[in-house]
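Q: What follows is my_file19.txt, made up of compact mmCIF, C-alpha atoms and all ligand atoms:
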```
# COMPACT_ATOMS: atom_id res chain seq x y z
CA MET A 19 96.62 82.02 94.02
CA ARG A 20 97.15 83.03 97.67
CA VAL A 21 98.42 86.49 98.56
CA LEU A 22 99.47 87.79 101.96
CA ILE A 23 99.37 91.58 102.44
CA PRO A 24 101.18 92.83 105.56
CA GLY A 25 99.86 96.32 106.38
CA GLY A 26 96.79 95.35 104.35
CA CYS A 27 94.39 97.57 106.32
CA GLY A 28 96.29 100.73 105.37
CA PHE A 29 95.46 102.99 102.45
CA ILE A 30 97.68 101.25 99.89
CA GLY A 31 97.41 97.69 101.27
CA SER A 32 93.60 97.66 101.40
CA SER A 33 93.30 99.19 97.92
CA ILE A 34 95.65 96.55 96.45
CA ALA A 35 93.84 93.76 98.33
CA ILE A 36 90.41 94.72 96.97
CA TYR A 37 91.77 95.35 93.47
CA LEU A 38 93.47 91.94 93.26
CA LYS A 39 90.44 90.18 94.69
CA LYS A 40 88.27 91.75 91.98
CA ASN A 41 90.72 91.39 89.09
CA ILE A 42 92.49 88.03 89.52
CA LYS A 43 90.45 84.85 89.28
CA ASN A 44 90.44 82.59 92.35
CA CYS A 45 92.65 84.95 94.31
CA GLU A 46 92.59 84.40 98.08
CA ILE A 47 93.88 87.33 100.08
CA ILE A 48 94.80 87.52 103.75
CA THR A 49 96.09 90.64 105.47
CA ILE A 50 98.11 91.07 108.67
CA ASP A 51 97.68 94.46 110.29
CA ASN A 52 97.68 95.56 113.92
CA LEU A 53 95.41 98.54 113.06
CA SER A 54 97.93 100.94 114.58
CA ARG A 55 96.92 103.65 112.11
CA ASN A 56 93.74 105.26 113.42
CA THR A 57 91.91 105.02 110.08
CA SER A 58 92.83 101.37 109.38
CA TYR A 59 89.80 99.90 111.17
CA LEU A 60 87.61 101.56 108.50
CA ASN A 61 89.52 99.62 105.83
CA GLU A 62 89.30 96.39 107.82
CA LYS A 63 85.51 96.70 107.63
CA LYS A 64 85.72 97.30 103.88
CA LEU A 65 87.94 94.22 103.45
CA LYS A 66 85.44 92.05 105.33
CA LYS A 67 82.76 93.00 102.79
CA HIS A 68 85.07 91.61 100.09
CA HIS A 69 85.67 88.41 102.13
CA ILE A 70 89.25 89.36 102.94
CA ARG A 71 90.34 88.28 106.41
CA ASN A 72 92.71 90.33 108.54
CA ILE A 73 94.96 88.75 111.16
CA LYS A 74 95.32 91.44 113.82
CA LYS A 75 98.94 91.04 114.90
CA ASN A 76 101.94 93.31 115.38
CA LEU A 77 104.38 92.21 112.69
CA SER A 78 107.43 93.31 114.63
CA THR A 79 106.67 90.94 117.50
CA VAL A 80 104.56 88.23 115.87
CA ASN A 81 105.72 84.64 116.16
CA THR A 82 105.85 83.74 112.46
CA SER A 83 105.05 80.08 113.16
CA TYR A 84 101.66 81.33 114.45
CA ILE A 85 100.81 82.35 110.89
CA PHE A 86 101.55 78.79 109.71
CA LYS A 87 99.53 77.15 112.43
CA LYS A 88 96.57 79.26 111.29
CA ASP A 89 97.28 78.98 107.58
CA LYS A 90 98.77 75.73 106.44
CA LYS A 91 98.47 76.55 102.74
CA LYS A 92 101.35 78.47 101.15
CA PHE A 93 101.36 82.09 100.09
CA ASP A 94 102.42 82.54 96.46
CA PHE A 95 102.97 86.27 96.91
CA ILE A 96 103.63 88.65 99.75
CA ILE A 97 102.95 92.31 99.02
CA ASP A 98 104.57 94.21 101.84
CA CYS A 99 102.67 97.41 102.66
CA CYS A 100 103.44 97.45 106.38
CA ALA A 101 105.06 100.58 107.77
CA GLU A 102 104.70 103.66 109.86
CA PRO A 103 105.03 105.89 106.78
CA SER A 104 105.59 109.27 108.43
CA VAL A 105 109.02 110.86 108.06
CA GLU A 106 108.28 113.16 111.02
CA ILE A 107 107.21 110.33 113.36
CA SER A 108 110.48 108.60 112.48
CA LYS A 109 112.27 111.59 113.98
CA LYS A 110 110.20 111.64 117.15
CA ASN A 111 109.84 107.90 117.70
CA PRO A 112 112.69 106.05 115.95
CA LYS A 113 112.18 102.83 117.92
CA LEU A 114 108.55 102.50 116.85
CA VAL A 115 109.47 103.19 113.23
CA PHE A 116 112.45 100.82 113.35
CA ASN A 117 110.17 98.04 114.61
CA SER A 118 107.18 98.72 112.37
CA ASN A 119 109.29 99.15 109.25
CA LEU A 120 112.47 97.13 109.56
CA THR A 121 111.78 94.43 112.18
CA SER A 122 108.45 93.79 110.46
CA THR A 123 110.26 93.23 107.16
CA LEU A 124 112.36 90.58 108.90
CA SER A 125 109.21 88.78 110.12
CA ILE A 126 107.71 89.03 106.64
CA LEU A 127 110.88 87.58 105.07
CA GLU A 128 110.76 84.64 107.50
CA ILE A 129 107.21 83.95 106.30
CA ALA A 130 108.40 84.30 102.67
CA LYS A 131 111.29 81.89 103.29
CA LYS A 132 109.01 79.16 104.65
CA ASN A 133 106.49 79.64 101.82
CA ASN A 134 108.95 80.30 99.00
CA SER A 135 106.79 83.36 98.31
CA LYS A 136 107.56 86.04 95.76
CA ILE A 137 107.82 89.47 97.35
CA ILE A 138 106.65 92.87 96.16
CA TYR A 139 107.92 95.59 98.47
CA LEU A 140 106.44 99.08 98.69
CA SER A 141 109.50 101.23 99.22
CA THR A 142 109.80 104.98 98.92
CA SER A 143 111.47 107.86 97.12
CA ARG A 144 112.64 108.82 100.61
CA VAL A 145 115.62 106.47 100.21
CA TYR A 146 117.31 109.24 98.17
CA SER A 147 119.77 111.73 99.61
CA ILE A 148 118.06 114.77 101.14
CA LYS A 149 121.12 116.99 100.79
CA LYS A 150 121.73 116.03 97.18
CA ILE A 151 118.11 116.58 96.15
CA ASN A 152 117.96 119.94 97.91
CA ASN A 153 121.37 120.90 96.44
CA LEU A 154 119.96 120.49 92.93
CA PHE A 155 118.02 123.66 93.61
CA LYS A 156 120.38 125.63 95.79
CA ASN A 157 120.69 128.47 93.28
CA ILE A 158 116.97 128.90 92.90
CA THR A 159 115.19 131.69 94.71
CA TYR A 160 112.38 130.10 96.62
CA LYS A 161 110.16 133.08 95.80
CA LYS A 162 110.14 132.03 92.18
CA LYS A 163 108.50 128.95 90.77
CA MET A 164 110.76 126.10 89.73
CA PRO A 165 112.04 126.98 86.24
CA LYS A 166 112.30 123.40 85.02
CA ARG A 167 110.95 120.26 86.62
CA ILE A 168 113.59 117.54 86.50
CA LYS A 169 113.18 113.84 87.33
CA ILE A 170 114.96 111.55 89.78
CA ASN A 171 115.93 108.06 88.62
CA GLU A 172 117.06 104.85 90.39
CA ASN A 173 120.75 105.80 90.14
CA PHE A 174 120.35 108.90 92.29
CA SER A 175 122.46 108.96 95.45
CA VAL A 176 121.16 107.18 98.57
CA ASP A 177 123.83 108.83 100.76
CA SER A 178 122.75 109.83 104.25
CA PRO A 179 120.99 111.83 105.49
CA ILE A 180 117.85 110.22 104.03
CA SER A 181 115.67 110.57 107.18
CA PHE A 182 115.24 107.81 109.74
CA TYR A 183 112.15 106.64 107.84
CA GLY A 184 114.23 106.45 104.63
CA PHE A 185 116.89 104.49 106.51
CA THR A 186 114.38 101.83 107.64
CA LYS A 187 113.01 101.50 104.09
CA LEU A 188 116.45 101.32 102.44
CA SER A 189 117.58 98.79 105.07
CA SER A 190 114.44 96.73 104.35
CA GLU A 191 115.37 96.75 100.66
CA ILE A 192 118.83 95.41 101.52
CA LEU A 193 117.34 92.77 103.82
CA ILE A 194 115.06 91.59 101.00
CA LYS A 195 118.06 91.30 98.64
CA GLU A 196 119.96 89.25 101.25
CA TYR A 197 117.04 86.83 101.74
CA SER A 198 116.62 86.62 97.98
CA PHE A 199 120.29 85.65 97.59
CA LEU A 200 120.28 83.08 100.40
CA HIS A 201 116.87 81.52 99.80
CA ASN A 202 116.38 82.13 96.10
CA LEU A 203 113.32 84.34 96.58
CA LYS A 204 112.07 86.49 93.72
CA TYR A 205 111.35 90.13 94.55
CA ILE A 206 110.36 93.49 93.12
CA ILE A 207 111.06 96.74 94.95
CA ASN A 208 108.93 99.76 94.03
CA ARG A 209 110.32 103.09 95.25
CA CYS A 210 107.09 105.07 95.23
CA GLY A 211 106.70 108.83 95.19
CA VAL A 212 103.53 110.28 96.69
CA ILE A 213 100.48 108.01 96.26
CA SER A 214 97.01 109.49 96.67
CA GLY A 215 93.46 108.92 95.54
CA TYR A 216 90.25 107.27 96.65
CA GLY A 217 90.47 106.05 100.24
CA GLN A 218 93.35 108.17 101.46
CA PHE A 219 92.77 109.86 104.79
CA GLY A 220 95.94 111.90 105.25
CA ARG A 221 97.36 113.55 108.33
CA GLN A 222 99.48 116.65 108.89
CA ASP A 223 102.63 114.53 108.61
CA GLN A 224 101.64 112.00 105.93
CA GLY A 225 99.27 112.06 102.96
CA PHE A 226 99.50 115.81 102.29
CA LEU A 227 97.17 115.97 99.26
CA SER A 228 94.29 114.38 101.12
CA MET A 229 95.03 116.47 104.23
CA TRP A 230 95.01 119.66 102.09
CA LEU A 231 91.58 118.82 100.67
CA TRP A 232 90.21 117.82 104.09
CA ARG A 233 91.32 121.11 105.61
CA HIS A 234 89.74 123.07 102.77
CA LEU A 235 86.54 121.07 103.10
CA ASN A 236 86.35 121.85 106.81
CA LYS A 237 87.97 125.31 106.69
CA ILE A 238 90.82 124.27 108.99
CA PRO A 239 93.93 126.53 108.69
CA ILE A 240 97.00 125.15 106.92
CA ASN A 241 100.61 126.22 106.50
CA TYR A 242 103.00 126.90 103.67
CA GLN A 243 105.89 125.55 105.68
CA GLY A 244 109.54 126.10 104.90
CA PHE A 245 111.44 127.25 101.81
CA GLY A 246 110.41 130.84 102.49
CA GLY A 247 106.74 129.98 103.11
CA TYR A 248 105.75 130.64 99.47
CA GLY A 249 104.13 127.23 98.83
CA ASN A 250 106.38 126.54 95.85
CA GLN A 251 107.54 123.07 96.97
CA ILE A 252 106.70 120.35 94.46
CA ARG A 253 105.78 116.65 94.49
CA ASP A 254 104.50 114.27 91.83
CA ILE A 255 101.39 112.25 92.60
CA LEU A 256 100.36 108.76 91.44
CA ASP A 257 96.77 107.58 91.71
CA ILE A 258 96.25 104.47 93.86
CA ASN A 259 94.33 102.75 91.08
CA ASP A 260 97.30 103.17 88.70
CA LEU A 261 99.53 101.59 91.36
CA CYS A 262 97.11 98.64 91.74
CA ILE A 263 97.18 98.04 87.97
CA LEU A 264 101.00 97.97 88.11
CA ILE A 265 101.06 95.49 91.02
CA LYS A 266 98.83 93.11 89.05
CA GLU A 267 101.21 93.42 86.06
CA GLN A 268 104.17 92.69 88.32
CA ILE A 269 102.46 89.58 89.71
CA ILE A 270 101.68 88.27 86.24
CA LYS A 271 105.23 88.90 84.94
CA ILE A 272 107.22 87.89 88.03
CA ASN A 273 108.94 84.94 86.34
CA LYS A 274 110.19 87.21 83.54
CA ILE A 275 110.85 90.42 85.49
CA ASN A 276 112.20 90.01 89.01
CA ASN A 277 114.93 91.10 91.40
CA GLU A 278 114.69 94.70 90.20
CA VAL A 279 114.30 98.10 91.86
CA PHE A 280 111.95 100.60 90.21
CA ASN A 281 111.04 104.22 90.75
CA VAL A 282 107.27 104.56 90.50
CA GLY A 283 105.44 107.89 90.56
CA GLY A 284 103.15 110.35 88.89
CA GLY A 285 105.92 112.00 86.85
CA ILE A 286 106.19 115.55 85.57
CA LYS A 287 102.61 115.77 84.20
CA ASN A 288 101.27 114.88 87.64
CA SER A 289 103.61 117.15 89.59
CA ILE A 290 102.08 119.92 91.64
CA SER A 291 103.18 122.70 94.00
CA LEU A 292 101.30 123.54 97.19
CA ASN A 293 100.21 126.82 95.57
CA GLU A 294 98.72 124.96 92.66
CA LEU A 295 97.06 122.47 95.02
CA THR A 296 95.46 125.36 96.93
CA LYS A 297 93.91 126.68 93.69
CA PHE A 298 92.55 123.21 92.87
CA SER A 299 91.25 122.80 96.44
CA ASN A 300 89.44 126.16 96.31
CA LYS A 301 87.78 125.12 93.08
CA VAL A 302 86.69 121.60 94.00
CA THR A 303 85.59 122.28 97.58
CA GLN A 304 84.23 125.78 96.84
CA ASN A 305 85.92 126.76 100.10
CA LYS A 306 88.84 128.91 101.11
CA THR A 307 90.84 128.39 104.25
CA LEU A 308 93.41 130.42 106.15
CA ILE A 309 96.95 129.75 104.91
CA ARG A 310 99.77 130.77 107.21
CA LYS A 311 103.39 131.30 106.19
CA LYS A 312 105.82 129.29 108.29
CA ILE A 313 109.41 130.06 107.45
CA LYS A 314 110.97 127.10 109.27
CA THR A 315 110.52 123.49 108.30
CA SER A 316 111.86 120.10 109.31
CA ASN A 317 115.44 119.32 108.36
CA TYR A 318 113.98 116.19 106.71
CA ASP A 319 111.85 118.28 104.35
CA LEU A 320 112.41 118.29 100.57
CA ARG A 321 111.86 121.27 98.31
CA TYR A 322 111.16 119.02 95.35
CA TYR A 323 110.62 115.46 94.21
CA VAL A 324 109.50 114.21 90.80
CA THR A 325 109.86 110.57 89.67
CA ASP A 326 111.63 109.39 86.54
CA ASN A 327 109.47 106.47 85.33
CA LYS A 328 111.79 105.59 82.43
CA LYS A 329 112.93 102.22 83.85
CA ILE A 330 109.46 100.99 84.84
CA TYR A 331 108.08 102.15 81.45
CA SER A 332 110.81 100.21 79.66
CA LYS A 333 109.96 96.91 81.42
CA TYR A 334 106.16 96.99 81.55
CA LYS A 335 103.42 98.26 79.26
CA TRP A 336 102.10 100.08 82.33
CA ARG A 337 101.71 103.87 82.12
CA VAL A 338 100.47 106.62 84.45
CA ARG A 339 96.86 107.07 83.37
CA THR A 340 95.06 109.14 85.97
CA SER A 341 95.56 112.90 85.75
CA ILE A 342 96.22 115.10 88.75
CA ASN A 343 92.71 116.63 88.34
CA ASP A 344 91.13 113.18 88.61
CA ILE A 345 93.33 112.16 91.56
CA ILE A 346 92.10 115.25 93.41
CA LYS A 347 88.47 114.46 92.53
CA ASN A 348 88.84 110.81 93.61
CA THR A 349 90.47 111.74 96.91
CA LEU A 350 87.82 114.35 97.68
CA GLU A 351 85.00 111.94 96.86
CA SER A 352 86.10 109.45 99.51
CA LEU A 353 86.68 112.21 102.08
CA ILE A 354 83.12 113.47 101.57
CA LEU A 355 81.72 109.94 101.68
CA ASN A 356 83.43 109.23 105.02
CA LYS A 357 83.14 112.74 106.45
CA LYS A 358 81.04 111.83 109.51
CA LYS A 359 83.43 109.09 110.65
CA LEU A 360 86.54 111.10 109.79
CA LEU A 361 85.41 114.14 111.79
CA LYS A 362 85.87 111.98 114.92
CA ILE A 363 89.37 110.80 113.91
CA LEU A 364 91.27 113.35 111.83
N1 LIG B 401 101.26 106.71 100.80
C1 LIG B 401 102.34 107.07 100.14
O1 LIG B 401 102.35 108.16 99.53
C2 LIG B 401 103.55 106.19 100.11
C3 LIG B 401 104.65 106.61 99.33
C4 LIG B 401 105.78 105.79 99.27
C5 LIG B 401 105.81 104.59 99.95
N2 LIG B 401 104.75 104.21 100.72
C6 LIG B 401 104.84 102.92 101.42
O2 LIG B 401 103.66 102.17 101.16
C7 LIG B 401 103.31 101.38 102.30
C8 LIG B 401 101.86 101.65 102.68
O3 LIG B 401 101.67 103.03 102.97
P1 LIG B 401 100.23 103.64 103.30
O4 LIG B 401 100.19 105.01 102.76
O5 LIG B 401 99.18 102.67 102.92
O6 LIG B 401 100.32 103.75 104.88
P2 LIG B 401 99.22 103.35 105.98
O7 LIG B 401 99.68 103.95 107.27
O8 LIG B 401 97.86 103.73 105.50
O9 LIG B 401 99.33 101.76 106.02
C9 LIG B 401 100.27 101.06 106.77
C10 LIG B 401 99.54 99.97 107.55
O10 LIG B 401 100.52 99.22 108.28
C11 LIG B 401 99.96 98.91 109.56
N3 LIG B 401 101.08 98.69 110.49
C12 LIG B 401 102.02 99.59 110.89
N4 LIG B 401 102.88 99.01 111.74
C13 LIG B 401 102.48 97.72 111.88
C14 LIG B 401 102.96 96.61 112.62
N5 LIG B 401 104.05 96.72 113.41
N6 LIG B 401 102.32 95.41 112.53
C15 LIG B 401 101.22 95.29 111.73
N7 LIG B 401 100.71 96.30 111.01
C16 LIG B 401 101.34 97.51 111.08
C17 LIG B 401 99.11 100.11 109.92
O11 LIG B 401 98.11 99.81 110.87
C18 LIG B 401 98.53 100.51 108.56
O12 LIG B 401 97.27 99.90 108.36
C19 LIG B 401 104.32 101.74 103.39
O13 LIG B 401 105.31 100.75 103.41
C20 LIG B 401 104.91 103.05 102.93
O14 LIG B 401 106.23 103.20 103.38
C21 LIG B 401 103.63 104.98 100.81
```
Can you turn what I pasted into structure tokens?
A:
Amino acid sequence: MRVLIPGGCGFIGSSIAIYLKKNIKNCEIITIDNLSRNTSYLNEKKLKKHHIRNIKKNLSTVNTSYIFKKDKKKFDFIIDCCAEPSVEISKKNPKLVFNSNLTSTLSILEIAKKNNSKIIYLSTSRVYSIKKINNLFKNITYKKKMPKRIKINENFSVDSPISFYGFTKLSSEILIKEYSFLHNLKYIINRCGVISGYGQFGRQDQGFLSMWLWRHLNKIPINYQGFGGYGNQIRDILDINDLCILIKEQIIKINKINNEVFNVGGGIKNSISLNELTKFSNKVTQNKTLIRKKIKTSNYDLRYYVTDNKKIYSKYKWRVRTSINDIIKNTLESLILNKKKLLKIL
């Protein structure tokens, strides 16, 4: 089997690439990644050790026939992990995000069309309506903890505003459905909540769990930003290894289960507030860091997001296995292992 992974030198793409290489017999994997994320070159090195080749090209400008000149054999699957995944960058630099997220999807679909490849697309929970999610909690005092953690399913509103990042991801989903209709391509769309775990090197604006641990490790100040500055905002977290197991399942079952959209996330058991994350971080790093209250936050910010996994659970035997405690341990382990290199980048 041949698999192409656009964005394959990123956190998710490289983890999936190595997992599939190890867990599917005779699986050849090629990635395309322009290494625009400053930590991606570290993953490119890791991929090389597993005999996975990266084609260093910008997917929004690449001439897709170039890929065919280089690789005459067909790709059975394309697992699209290419994006600039920061909601905040999408506000500051919409053109870059439009190109990296949406124009790249178009290039990827052209490759899929010529190869008759099946597509697995890494979408996001950020396709859901910001106003409607935040309105669910409008009567809650931000000082208090959330009384009941509720879950968001695939039928939740995608009405704007959804952030410019969310717009590019939702538009990519629609583009995939159009190509599927015209060219009879099979696809799966996974709307992921927060993914963390071994190998994530987060930044201020993306990958908050890893960033939180990094800042504790190095005693760098952090903020409880927005919603009163109490640190009561909540997200659910899925471990990267659990996601890799799901992707393998989806590959194996593609002829039976296809052309579906799924929410995929850690769920209620793996949901955590910033306050709770601080307590965990203190414990595992044995460090405390300065936490400042910042009242204002971005108008793209969400008070809460927790995934409803009911649909994905009903179609696959897959379940969330890794606990939030273990996700934190796994993430910290890779930060410590790469500390020297990361000190120069993060
Ligand atoms: N990490 C999460 O919590 C999360 C949650 C939901 C969805 N997602 C989605 O999963 C995918 C992977 O996310 P990630 O966390 O691994 O991000 P990442 O930034 O680590 O990986 C993205 C990769 O894409 C590459 N890239 C960006 N623009 C490119 C371009 N124009 N041409 C070629 N390569 C390009 C980057 O260099 C990087 O290696 C994204 O599509 C993202 O939207 C991630």
Q: What does the list of residues within 6 Å of ligand LIG 401 (chain B) look like if you count only C-alpha atoms and all ligand atoms, written as a PyMOL selection string?
A: chain A and resi 25+27-31+51-55+58+75-78+99-103+118+140-142+210-213
Q: If I put a ball of radius 10 Å at (120.0, 110.9, 103.1) in the file's coordinates, which residues poke into it when counting only C-alpha atoms, written as a PyMOL selection string?
A: chain A and resi 144-151+175-182+184-185+318
Q: Have a look at A:Asn111, A:Asn305, A:Ser198, A:Asn119 and name the one nearest to A:Arg233; count all atoms listed in the file.
A: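 Using all atoms listed in the file, the shortest distance to A:Arg233 belongs to A:Asn305.
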Q: So, counting only C-alpha atoms, which residue among A:Pro239, A:Gly26, A:Gly225, A:Gly249 is closest to A:Ile290?
A: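 Looking at the shortest contact to A:Ile290, the residue is A:Gly249.
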Q: Quick check, in Å to one decimal: how far apart do atom CA of A:Arg167 and atom CA of A:Gly284 lie?
A: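 The value is 12.8 Å.
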Q: Centre and edge lengths of an axis-aligned box around all listed atoms of stretch 252-262 of chain A, with 4 Å added on each side, are to be given in Å to one decimal, as lines of an AutoDock Vina configuration file.
A:
```
center_x = 100.5
center_y = 109.5
center_z = 91.6
size_x = 20.4
size_y = 29.7
size_z = 13.8
```
Q: Any idea what's packed within 9 Å of A:Arg310, counting all atoms listed in the file, ignoring anything in its chain fewer than 6 positions away? Could you give it as a PDB file with C-alpha atoms, in the frame of the given file?
A:
```pdb
ATOM      1  CA  PRO A 239      93.930 126.530 108.690  1.00  0.00           C
ATOM      2  CA  ILE A 240      97.000 125.150 106.920  1.00  0.00           C
ATOM      3  CA  ASN A 241     100.610 126.220 106.500  1.00  0.00           C
ATOM      4  CA  TYR A 242     103.000 126.900 103.670  1.00  0.00           C
ATOM      5  CA  GLN A 243     105.890 125.550 105.680  1.00  0.00           C
ATOM      6  CA  GLY A 247     106.740 129.980 103.110  1.00  0.00           C
TER       7      GLY A 247
END
```
Q: Quick one: of A:Leu231, A:Ile263, A:Asn134, A:Ile168, who's nearest to A:Lys40, counting all atoms listed in the file?
A: A:Ile263
Q: Just how far from atom CA of A:Leu308 is atom CA of A:Ser104, in Å to one decimal?
A: 24.5 Å
Q: Could you check how far atom CA of A:Ser125 sits from atom CA of A:Ile34, in Å to one decimal?
A: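 Computing the Euclidean distance for atom CA of A:Ser125 and atom CA of A:Ile34 yields 20.8 Å.
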Q: Between A:Met19, A:Ile50, A:Leu350, A:Ile97, which is the closest to A:Asn236 once you count only C-alpha atoms?
A: A:Leu350
Q: Can you pull out every residue within 10 Å of A:Ile170, counting all atoms listed in the file, but drop anything in the same chain fewer than 5 positions away, and send it as a ChimeraX atom specification?
A: /A:143,146,151,175,281,285,323-328
Q: For the selection you just gave me, I'd like the residues written to a file as a short mmCIF file (atom, residue, chain, number, x, y, z; two decimals), in the coordinates of the input, keeping C-alpha atoms.
A:
```cif
data_model
loop_
_atom_site.label_atom_id
_atom_site.label_comp_id
_atom_site.auth_asym_id
_atom_site.auth_seq_id
_atom_site.Cartn_x
_atom_site.Cartn_y
_atom_site.Cartn_z
CA SER A 143 111.47 107.86 97.12
CA TYR A 146 117.31 109.24 98.17
CA ILE A 151 118.11 116.58 96.15
CA SER A 175 122.46 108.96 95.45
CA ASN A 281 111.04 104.22 90.75
CA GLY A 285 105.92 112.00 86.85
CA TYR A 323 110.62 115.46 94.21
CA VAL A 324 109.50 114.21 90.80
CA THR A 325 109.86 110.57 89.67
CA ASP A 326 111.63 109.39 86.54
CA ASN A 327 109.47 106.47 85.33
CA LYS A 328 111.79 105.59 82.43
#
```
Q: My list of candidates is A:Ile194, A:Ile206, A:Leu200, A:Val21. Which is closest to A:Leu264 when distances are computed with all atoms listed in the file?
A: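 Smallest distance to A:Leu264 is found for A:Ile206.
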Q: Any idea what's packed within 12 Å of A:Lys333, counting only C-alpha atoms, ignoring anything in its chain fewer than 3 positions away? Could you give it as a PyMOL selection string?
A: chain A and resi 264+267-268+271-272+274-276+278-281+327-330+336-337
Q: Of the candidates A:Ser122, A:Ser289, A:Asn202, A:Thr57, which one gets nearest to A:Tyr322 if we count only C-alpha atoms?
A: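 Between A:Ser122, A:Ser289, A:Asn202, A:Thr57, the residue approaching A:Tyr322 most closely is A:Ser289.
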Q: Name the residues in contact with A:Ser228 at a cut-off of 8 Å, using all atoms listed in the file, excluding same-chain residues fewer than 2 positions from it; report them as a compact mmCIF listing (two decimals) with C-alpha atoms, keeping the file's coordinate frame.
A:
```
# COMPACT_ATOMS: atom_id res chain seq x y z
CA SER A 214 97.01 109.49 96.67
CA GLY A 215 93.46 108.92 95.54
CA GLN A 218 93.35 108.17 101.46
CA PHE A 219 92.77 109.86 104.79
CA GLY A 220 95.94 111.90 105.25
CA ARG A 221 97.36 113.55 108.33
CA GLY A 225 99.27 112.06 102.96
CA PHE A 226 99.50 115.81 102.29
CA TRP A 230 95.01 119.66 102.09
CA LEU A 231 91.58 118.82 100.67
CA TRP A 232 90.21 117.82 104.09
CA THR A 349 90.47 111.74 96.91
CA LEU A 350 87.82 114.35 97.68
CA LEU A 353 86.68 112.21 102.08
```
Q: So which residues touch A:Leu127 within 8 Å, counting all atoms listed in the file, skipping near sequence neighbours fewer than 3 positions away, as a PyMOL selection string?
A: chain A and resi 123-124+130-131+194+197
Q: Could you tell me, as a list in words, which residues have any atom at most 8 Å from (98.8, 80.2, 98.8), counting only C-alpha atoms?
A: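 Output of the proximity query reads Met19, Arg20, Val21, Glu46, Lys91, Lys92, Phe93, Asp94 and Phe95 of chain A.
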Q: Could you add N, CA and C atoms to stretch 36-50 of chain A and give me the result as an mmCIF file, in the frame of the given file?
A:
```
data_model
loop_
_atom_site.group_PDB
_atom_site.id
_atom_site.type_symbol
_atom_site.label_atom_id
_atom_site.label_comp_id
_atom_site.auth_asym_id
_atom_site.auth_seq_id
_atom_site.Cartn_x
_atom_site.Cartn_y
_atom_site.Cartn_z
ATOM 1 N N ILE A 36 91.739 94.742 97.621
ATOM 2 C CA ILE A 36 90.410 94.720 96.970
ATOM 3 C C ILE A 36 90.572 94.646 95.447
ATOM 4 N N TYR A 37 91.548 95.367 94.929
ATOM 5 C CA TYR A 37 91.770 95.350 93.470
ATOM 6 C C TYR A 37 92.122 93.939 92.984
ATOM 7 N N LEU A 38 93.036 93.283 93.689
ATOM 8 C CA LEU A 38 93.470 91.940 93.260
ATOM 9 C C LEU A 38 92.325 90.936 93.389
ATOM 10 N N LYS A 39 91.588 91.077 94.474
ATOM 11 C CA LYS A 39 90.440 90.180 94.690
ATOM 12 C C LYS A 39 89.454 90.285 93.526
ATOM 13 N N LYS A 40 89.237 91.522 93.062
ATOM 14 C CA LYS A 40 88.270 91.750 91.980
ATOM 15 C C LYS A 40 88.847 91.365 90.615
ATOM 16 N N ASN A 41 90.144 91.479 90.437
ATOM 17 C CA ASN A 41 90.720 91.390 89.090
ATOM 18 C C ASN A 41 91.578 90.168 88.793
ATOM 19 N N ILE A 42 91.776 89.284 89.797
ATOM 20 C CA ILE A 42 92.490 88.030 89.520
ATOM 21 C C ILE A 42 91.564 86.881 89.925
ATOM 22 N N LYS A 43 91.359 85.973 89.024
ATOM 23 C CA LYS A 43 90.450 84.850 89.280
ATOM 24 C C LYS A 43 90.972 83.977 90.412
ATOM 25 N N ASN A 44 90.099 83.503 91.251
ATOM 26 C CA ASN A 44 90.440 82.590 92.350
ATOM 27 C C ASN A 44 91.614 83.097 93.186
ATOM 28 N N CYS A 45 91.562 84.368 93.527
ATOM 29 C CA CYS A 45 92.650 84.950 94.310
ATOM 30 C C CYS A 45 92.205 85.048 95.779
ATOM 31 N N GLU A 46 92.906 84.322 96.642
ATOM 32 C CA GLU A 46 92.590 84.400 98.080
ATOM 33 C C GLU A 46 93.567 85.382 98.727
ATOM 34 N N ILE A 47 93.008 86.312 99.477
ATOM 35 C CA ILE A 47 93.880 87.330 100.080
ATOM 36 C C ILE A 47 93.690 87.351 101.596
ATOM 37 N N ILE A 48 94.813 87.393 102.290
ATOM 38 C CA ILE A 48 94.800 87.520 103.750
ATOM 39 C C ILE A 48 95.683 88.708 104.099
ATOM 40 N N THR A 49 95.252 89.519 105.051
ATOM 41 C CA THR A 49 96.090 90.640 105.470
ATOM 42 C C THR A 49 96.540 90.425 106.923
ATOM 43 N N ILE A 50 97.695 91.000 107.250
ATOM 44 C CA ILE A 50 98.110 91.070 108.670
ATOM 45 C C ILE A 50 98.300 92.535 108.973
#
```
